[in-house]
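Participant: Provided below: target.txt, containing compact mmCIF, C-alpha atoms.
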```
# COMPACT_ATOMS: atom_id res chain seq x y z
CA MET A 13 152.76 33.48 -161.46
CA GLU A 14 156.07 33.43 -163.26
CA ASN A 15 157.08 30.20 -165.00
CA TYR A 16 160.59 29.14 -164.13
CA LYS A 17 162.71 26.88 -166.29
CA ILE A 18 164.18 25.04 -163.32
CA SER A 19 162.03 24.45 -160.24
CA ASP A 20 163.10 25.62 -156.82
CA SER A 21 163.32 22.06 -155.54
CA LYS A 22 165.65 21.12 -158.41
CA LEU A 23 167.84 24.14 -157.60
CA VAL A 24 167.93 23.13 -153.92
CA SER A 25 168.99 19.58 -154.92
CA LEU A 26 171.75 20.95 -157.12
CA TYR A 27 172.86 23.28 -154.35
CA LYS A 28 173.04 20.38 -151.90
CA GLN A 29 175.44 18.73 -154.30
CA GLY A 30 177.69 21.78 -154.13
CA ASN A 31 176.43 23.77 -157.10
CA GLU A 32 176.84 27.40 -156.03
CA GLU A 33 175.25 28.73 -159.24
CA ALA A 34 172.03 26.97 -158.24
CA PHE A 35 172.04 28.88 -154.97
CA GLU A 36 172.76 32.13 -156.81
CA GLN A 37 169.65 31.47 -158.93
CA LEU A 38 167.52 30.85 -155.83
CA LEU A 39 168.80 34.04 -154.23
CA LYS A 40 168.26 36.09 -157.38
CA ARG A 41 164.75 34.66 -157.81
CA HIS A 42 163.47 35.29 -154.30
CA LYS A 43 165.55 37.97 -152.60
CA ALA A 44 163.18 40.88 -153.39
CA ARG A 45 160.10 39.00 -152.15
CA ILE A 46 161.83 37.93 -148.92
CA TYR A 47 163.37 41.36 -148.37
CA THR A 48 159.98 43.04 -148.88
CA THR A 49 158.32 40.64 -146.42
CA ILE A 50 160.91 41.60 -143.80
CA TYR A 51 160.77 45.32 -144.63
CA LEU A 52 156.98 45.40 -144.25
CA ILE A 53 157.39 44.10 -140.70
CA VAL A 54 160.45 46.03 -139.45
CA LYS A 55 160.05 49.17 -141.62
CA ASP A 56 163.78 49.89 -141.76
CA ASN A 57 166.03 49.25 -144.76
CA TYR A 58 169.16 48.49 -142.78
CA VAL A 59 167.51 46.19 -140.26
CA ALA A 60 165.73 44.45 -143.15
CA GLU A 61 169.08 43.83 -144.87
CA ASP A 62 170.59 42.41 -141.67
CA LEU A 63 167.62 40.11 -141.21
CA LEU A 64 167.72 39.07 -144.86
CA GLN A 65 171.32 38.03 -144.37
CA GLU A 66 170.44 36.17 -141.18
CA THR A 67 167.56 34.41 -142.97
CA PHE A 68 169.79 33.15 -145.75
CA VAL A 69 172.55 32.11 -143.34
CA LYS A 70 169.98 29.93 -141.53
CA ALA A 71 168.69 28.54 -144.82
CA ILE A 72 172.20 27.80 -146.10
CA ASN A 73 173.16 26.06 -142.84
CA THR A 74 169.97 23.98 -142.89
CA ILE A 75 170.34 22.92 -146.52
CA LYS A 76 174.07 22.23 -146.33
CA GLY A 77 173.57 20.45 -143.01
CA GLY A 78 171.14 18.04 -144.72
CA ARG A 79 168.19 19.15 -142.57
CA TYR A 80 166.02 20.68 -145.33
CA ASN A 81 162.65 18.96 -145.74
CA GLU A 82 162.26 18.10 -149.41
CA GLU A 83 158.49 17.87 -149.14
CA GLY A 84 157.97 21.56 -148.41
CA LYS A 85 158.10 24.38 -150.93
CA PHE A 86 161.26 26.49 -150.76
CA LEU A 87 159.71 29.98 -150.83
CA PRO A 88 157.12 29.49 -148.05
CA TRP A 89 159.82 27.77 -145.99
CA ILE A 90 162.40 30.53 -146.28
CA THR A 91 159.88 33.36 -145.96
CA ARG A 92 158.66 31.71 -142.76
CA ILE A 93 162.22 31.89 -141.40
CA ALA A 94 162.32 35.56 -142.43
CA HIS A 95 158.92 36.22 -140.88
CA ASN A 96 159.88 34.59 -137.57
CA LEU A 97 163.17 36.49 -137.37
CA SER A 98 161.39 39.77 -138.13
CA ILE A 99 158.73 39.19 -135.48
CA ASP A 100 161.44 38.23 -132.93
CA TYR A 101 163.34 41.41 -133.76
CA PHE A 102 160.19 43.47 -133.47
CA ARG A 103 159.37 42.00 -130.05
CA LYS A 104 162.93 42.31 -128.71
CA GLU A 105 163.40 45.89 -129.78
CA LYS A 106 159.93 47.06 -128.84
CA ARG A 107 160.70 49.99 -131.09
CA TYR A 108 157.09 50.70 -131.90
CA PRO A 109 155.03 50.18 -128.75
CA THR A 110 151.33 50.09 -129.51
CA MET A 111 149.56 52.89 -127.68
CA ILE A 112 146.07 54.01 -128.51
CA LEU A 113 145.48 57.74 -128.92
CA GLU A 114 142.31 59.51 -127.83
CA ASP A 115 140.88 59.29 -131.34
CA GLY A 116 141.38 55.51 -131.33
CA SER A 117 144.29 55.51 -133.78
CA LYS A 118 147.57 53.87 -132.92
CA VAL A 119 150.65 55.95 -132.13
CA PHE A 120 152.44 53.46 -134.33
CA ASN A 121 150.66 54.82 -137.41
CA ALA A 122 151.30 58.43 -136.47
CA LEU A 123 155.03 57.87 -135.95
CA GLU A 124 155.53 56.00 -139.17
CA PHE A 125 156.08 58.92 -141.52
CA ALA A 126 157.98 61.10 -139.05
CA GLU A 127 160.74 58.51 -138.98
CA ASP A 128 161.20 58.20 -142.74
CA SER A 129 164.74 57.91 -144.02
CA ILE A 130 166.18 60.43 -146.50
CA GLU A 131 165.69 57.86 -149.22
CA SER A 132 162.02 57.40 -148.52
CA VAL A 133 161.46 61.15 -148.32
CA GLN A 134 162.96 61.47 -151.80
CA ILE A 135 160.73 58.78 -153.23
CA LYS A 136 157.66 59.66 -151.21
CA ASN A 137 155.64 60.27 -154.34
CA ASP A 138 156.76 57.11 -156.00
CA THR A 139 153.89 54.66 -156.59
CA HIS A 140 155.62 51.61 -155.21
CA SER A 141 156.86 53.33 -152.12
CA LYS A 142 153.37 54.70 -151.53
CA LEU A 143 151.85 51.28 -151.94
CA ARG A 144 154.19 49.85 -149.30
CA ASP A 145 153.12 52.68 -147.00
CA LEU A 146 149.50 51.85 -147.66
CA ILE A 147 150.10 48.22 -146.70
CA GLN A 148 151.29 49.47 -143.29
CA GLU A 149 147.96 51.23 -142.81
CA LEU A 150 145.93 48.04 -143.16
CA PRO A 151 144.40 46.51 -140.03
CA GLU A 152 146.86 43.96 -138.56
CA ALA A 153 144.78 40.88 -139.41
CA GLN A 154 144.47 41.93 -143.07
CA LYS A 155 148.15 42.85 -143.33
CA GLU A 156 149.13 39.47 -141.85
CA VAL A 157 147.10 37.50 -144.41
CA LEU A 158 148.35 39.69 -147.26
CA LEU A 159 151.97 39.10 -146.25
CA MET A 160 151.45 35.37 -145.86
CA ARG A 161 149.59 34.83 -149.14
CA HIS A 162 151.16 37.38 -151.46
CA TYR A 163 154.75 37.54 -150.25
CA MET A 164 155.25 34.28 -148.36
CA ASP A 165 153.35 32.19 -150.92
CA MET A 166 151.40 30.27 -148.27
CA SER A 167 148.07 28.75 -149.35
CA PHE A 168 144.83 29.97 -147.76
CA GLN A 169 144.57 26.60 -146.03
CA GLU A 170 148.05 27.02 -144.51
CA ILE A 171 147.22 30.59 -143.45
CA ALA A 172 144.02 29.42 -141.79
CA GLU A 173 145.93 26.75 -139.87
CA ASN A 174 148.72 29.14 -138.86
CA THR A 175 146.48 31.95 -137.70
CA GLY A 176 143.79 29.79 -136.09
CA VAL A 177 140.90 30.99 -138.25
CA SER A 178 138.66 29.30 -140.81
CA ILE A 179 139.65 29.30 -144.47
CA ASN A 180 136.66 31.56 -145.22
CA THR A 181 137.89 34.10 -142.68
CA ALA A 182 141.37 34.03 -144.22
CA LEU A 183 139.86 34.52 -147.70
CA GLY A 184 137.64 37.33 -146.44
CA ARG A 185 140.58 39.13 -144.82
CA MET A 186 142.60 38.85 -148.00
CA ARG A 187 139.69 40.22 -150.05
CA TYR A 188 139.28 43.18 -147.70
CA ALA A 189 143.04 43.81 -147.68
CA LEU A 190 143.22 43.96 -151.48
CA ILE A 191 140.04 45.99 -151.88
CA ASN A 192 141.15 48.43 -149.16
CA LEU A 193 144.48 48.88 -150.90
CA ARG A 194 142.71 49.55 -154.20
CA LYS A 195 140.46 52.14 -152.57
CA LYS A 196 143.43 53.87 -150.99
CA MET A 197 145.30 53.86 -154.30
CA LYS A 198 142.34 55.51 -155.99
CA GLN A 199 142.23 58.05 -153.18
CA TYR A 200 145.87 58.93 -153.85
CA ASN A 201 145.35 58.85 -157.62
CA ILE A 202 147.82 56.05 -158.11
CA ALA A 203 147.56 54.79 -161.67
CA TYR A 204 146.77 51.17 -162.47
CA ASP A 205 146.02 49.04 -165.49
CA GLN A 206 142.28 48.31 -165.88
CA ASP A 207 142.53 46.36 -169.10
CA ILE A 208 142.61 42.90 -167.54
CA TYR A 209 140.69 39.76 -168.48
CA PRO A 210 140.64 36.23 -167.01
CA ARG A 211 143.52 34.04 -168.08
CA MET B 5 124.37 21.94 -162.93
CA THR B 6 125.30 25.62 -162.81
CA LYS B 7 127.47 26.48 -159.82
CA THR B 8 127.25 29.78 -157.98
CA PHE B 9 130.58 31.43 -157.36
CA THR B 10 131.33 33.92 -154.60
CA GLN B 11 133.82 36.78 -154.24
CA ASP B 12 136.04 34.43 -152.23
CA ASP B 13 136.14 32.06 -155.21
CA VAL B 14 137.45 34.95 -157.30
CA ILE B 15 140.20 35.50 -154.72
CA ARG B 16 141.12 31.81 -154.92
CA TYR B 17 141.10 32.00 -158.73
CA VAL B 18 143.34 35.08 -158.80
CA TYR B 19 145.77 33.36 -156.43
CA ASP B 20 145.72 30.18 -158.49
CA GLU B 21 144.13 27.98 -155.84
CA ILE B 22 141.37 26.55 -158.03
CA SER B 23 142.22 23.77 -160.41
CA GLY B 24 140.70 21.56 -163.08
CA GLU B 25 137.06 21.81 -164.03
CA ASP B 26 136.23 24.36 -161.31
CA ARG B 27 138.83 26.71 -162.73
CA GLU B 28 137.24 26.65 -166.16
CA GLU B 29 133.77 27.15 -164.66
CA ILE B 30 134.77 30.16 -162.60
CA LYS B 31 136.57 31.62 -165.61
CA GLN B 32 133.27 31.44 -167.53
CA ALA B 33 131.39 32.90 -164.56
CA ILE B 34 133.79 35.86 -164.43
CA ILE B 35 133.33 36.50 -168.13
CA CYS B 36 129.52 36.37 -167.86
CA ASP B 37 128.93 38.09 -164.50
CA SER B 38 129.81 41.79 -164.56
CA GLU B 39 130.13 42.05 -160.75
CA LEU B 40 132.56 39.16 -160.58
CA GLN B 41 134.39 40.60 -163.57
CA ASP B 42 134.79 44.01 -161.90
CA LEU B 43 136.10 42.37 -158.74
CA TYR B 44 138.46 40.21 -160.77
CA LYS B 45 139.90 43.25 -162.56
CA GLU B 46 140.35 45.11 -159.27
CA LEU B 47 142.12 42.17 -157.66
CA VAL B 48 144.42 41.46 -160.59
CA ALA B 49 145.33 45.14 -160.84
CA ILE B 50 146.33 45.41 -157.19
CA LYS B 51 148.10 42.03 -157.27
CA ARG B 52 150.18 43.28 -160.18
CA GLN B 53 150.99 46.49 -158.33
CA LEU B 54 152.03 44.53 -155.25
CA ASP B 55 154.40 42.44 -157.37
CA GLN B 56 155.92 45.57 -158.87
CA SER B 57 156.28 47.26 -155.50
CA MET B 58 158.79 44.77 -154.17
CA LYS B 59 162.01 46.25 -152.84
CA SER B 60 165.44 44.86 -153.65
CA PRO B 61 168.24 44.61 -151.11
CA SER B 62 171.61 46.20 -151.89
CA ASP B 63 174.18 44.39 -154.01
CA LYS B 64 176.49 44.39 -151.00
CA VAL B 65 174.12 42.19 -148.98
CA THR B 66 173.52 39.86 -151.92
CA GLU B 67 177.26 39.53 -152.37
CA SER B 68 177.89 38.80 -148.73
CA ILE B 69 175.22 36.05 -148.69
CA LEU B 70 176.84 34.44 -151.74
CA ASN B 71 180.26 34.72 -150.13
CA TYR B 72 179.01 33.06 -146.94
CA SER B 73 177.69 30.12 -148.94
CA LYS B 74 180.92 29.80 -150.92
CA SER B 75 183.02 29.97 -147.75
CA LEU B 76 181.19 26.90 -146.38
CA ASN B 77 182.07 25.01 -149.54
CA LEU B 78 185.72 25.94 -149.14
CA LEU B 79 185.69 24.77 -145.52
CA SER B 80 184.12 21.41 -146.38
CA ASN B 81 186.63 20.88 -149.20
CA LYS B 82 189.64 21.38 -146.91
```
Can you turn what I pasted into structure tokens?
Facilitator:
Amino acid sequence: MENYKISDSKLVSLYKQGNEEAFEQLLKRHKARIYTTIYLIVKDNYVAEDLLQETFVKAINTIKGGRYNEEGKFLPWITRIAHNLSIDYFRKEKRYPTMILEDGSKVFNALEFAEDSIESVQIKNDTHSKLRDLIQELPEAQKEVLLMRHYMDMSFQEIAENTGVSINTALGRMRYALINLRKKMKQYNIAYDQDIYPR
Amino acid sequence: MTKTFTQDDVIRYVYDEISGEDREEIKQAIICDSELQDLYKELVAIKRQLDQSMKSPSDKVTESILNYSKSLNLLSNK
């Protein structure tokens, strides 16, 4: 985890007092993580940007309106707003209805690559783009835990409470999600650094 | 007493959800147990890749969020 000089909660306090630079710092610090969370749910760059904007508008209104709960952590709070907006969008649009094919796979997975934008076609071979594609291939329960822990910074306890499973189940799903991703990366010959020791 | 650590403990360690004495003990366990060490390396490698794979929104969107925030300040100062 990155060490920040000023904590998020300090930046939020400064922002409440009218310090726009503090908000700029918060946005700069978290926009990629929040945007990626949204993108992994809606799978469309433009929709993800619209929802990112909507997320921050809600956050700004809540903070400036004095309704932000100081006890919570900023990142899990704002990513939860982003997550809820993305799920609402997904349900409203029903753009990817889940239908099961004869072989048991979901139509959703088959359609995914046919609808790639020009940009994603160009960077198809790029490691990061490929990894995001691989996340989409994970079983829903594993993908959900991965999003909540890795991108939304929720604890395993919070994930267990939110998804109605035990903490061991949440941990197990996360382990399978990460190991599955690693296996798939090896399958696609995606390079990674193996020279890692406990901190 | 020597504690036995599981794969799930390694997950919690990688995601920084173990603190104090337990953290030091699992660190030692990872160093001494080759299976736990292999799992640890796999998990840290993929975690790092996930961090690097994050997408950034366009500058235009960033700018418009900042402008929205500033516009509220202007309104409240009127």
Participant: Between chain A and chain B, at 6 Å or less, what are the per-residue closest atom pairs and their distances in Å? Count all atoms listed in the file, order by chain and rising residue number, and return it as JSON lines.
Facilitator:
```
{"residue": "A:Ala44", "atom": "CA", "partner": "B:Ser60", "partner_atom": "CA", "distance": 4.6}
{"residue": "A:Thr48", "atom": "CA", "partner": "B:Lys59", "partner_atom": "CA", "distance": 5.5}
{"residue": "A:His140", "atom": "CA", "partner": "B:Ser57", "partner_atom": "CA", "distance": 4.4}
{"residue": "A:Leu183", "atom": "CA", "partner": "B:Asp12", "partner_atom": "CA", "distance": 5.9}
{"residue": "A:Ile208", "atom": "CA", "partner": "B:Lys45", "partner_atom": "CA", "distance": 5.7}
```
Participant: Would you mind reading off the distance between CA of Glu66 (chain A) and CA of Ile50 (chain A), one decimal, in Å?
Facilitator: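 CA of Ile50 (chain A) lies 11.3 Å from CA of Glu66 (chain A).
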Participant: Hey, can you check how far CA of Asn180 (chain A) sits from CA of Phe168 (chain A)?
Facilitator: 8.7 Å
Participant: Just want the 6 Å neighbourhood of region 148-154 of chain A, counted on all atoms listed in the file, with same-chain residues fewer than 2 positions away dropped. Output as an MDAnalysis selection string.
Facilitator: chainID A and resid 145:146 156:157 185 189
Participant: Have a look at A:Asn192, A:Phe102, A:Lys155, A:Lys198 and name the one nearest to Thr139 (chain A); count only C-alpha atoms.
Facilitator: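 Of A:Asn192, A:Phe102, A:Lys155, A:Lys198, the one nearest Thr139 (chain A) is A:Lys198, counting only C-alpha atoms.
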Participant: Need the axis-aligned box for region 47-64 of chain B with 8 Å each side, so what are the centre and edges in Å to one decimal, as JSON?
Facilitator:
```
{"center_x": 159.3, "center_y": 44.4, "center_z": -155.9, "size_x": 50.4, "size_y": 21.8, "size_z": 25.8}
```
Participant: What separation in Å, quoted to one decimal, exists between CA of Val24 (chain A) and CA of Gly24 (chain B)?
Facilitator: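 If I compute the distance from CA of Val24 (chain A) to CA of Gly24 (chain B), I get 28.8 Å.
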Participant: Under the rule that only C-alpha atoms are counted, which of A:Lys142, A:Leu97, A:Arg194, A:Trp89 is the nearest residue to Glu170 (chain A)?
Facilitator: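 With only C-alpha atoms as the atom set, the closest residue is A:Trp89.
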Participant: Can you pull out the residues contacting Gln29 (chain A)? Cut-off 12 Å, using all atoms listed in the file, and skip same-chain residues under 6 positions away; I want them as a list in words.
Facilitator: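 Result of the neighbour search: Lys22, Leu23, Phe35, Ile75, Lys76, Gly77 and Gly78 of chain A; Asn77 of chain B.
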Participant: For each of A:Phe86, A:Tyr188, A:Tyr58, A:Tyr101, take the minimum atom-to-atom distance to Met164 (chain A), counting all atoms listed in the file, then give the residue where this is smallest.
Facilitator: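 Smallest separation from Met164 (chain A) among the options: A:Phe86.
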Participant: Pick out the closest residue to Lys195 (chain A) from this set: A:Arg92, A:Lys43, A:Thr181, A:Leu143. Count all atoms listed in the file.
Facilitator: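 That would be A:Leu143, the residue with the smallest distance to Lys195 (chain A).
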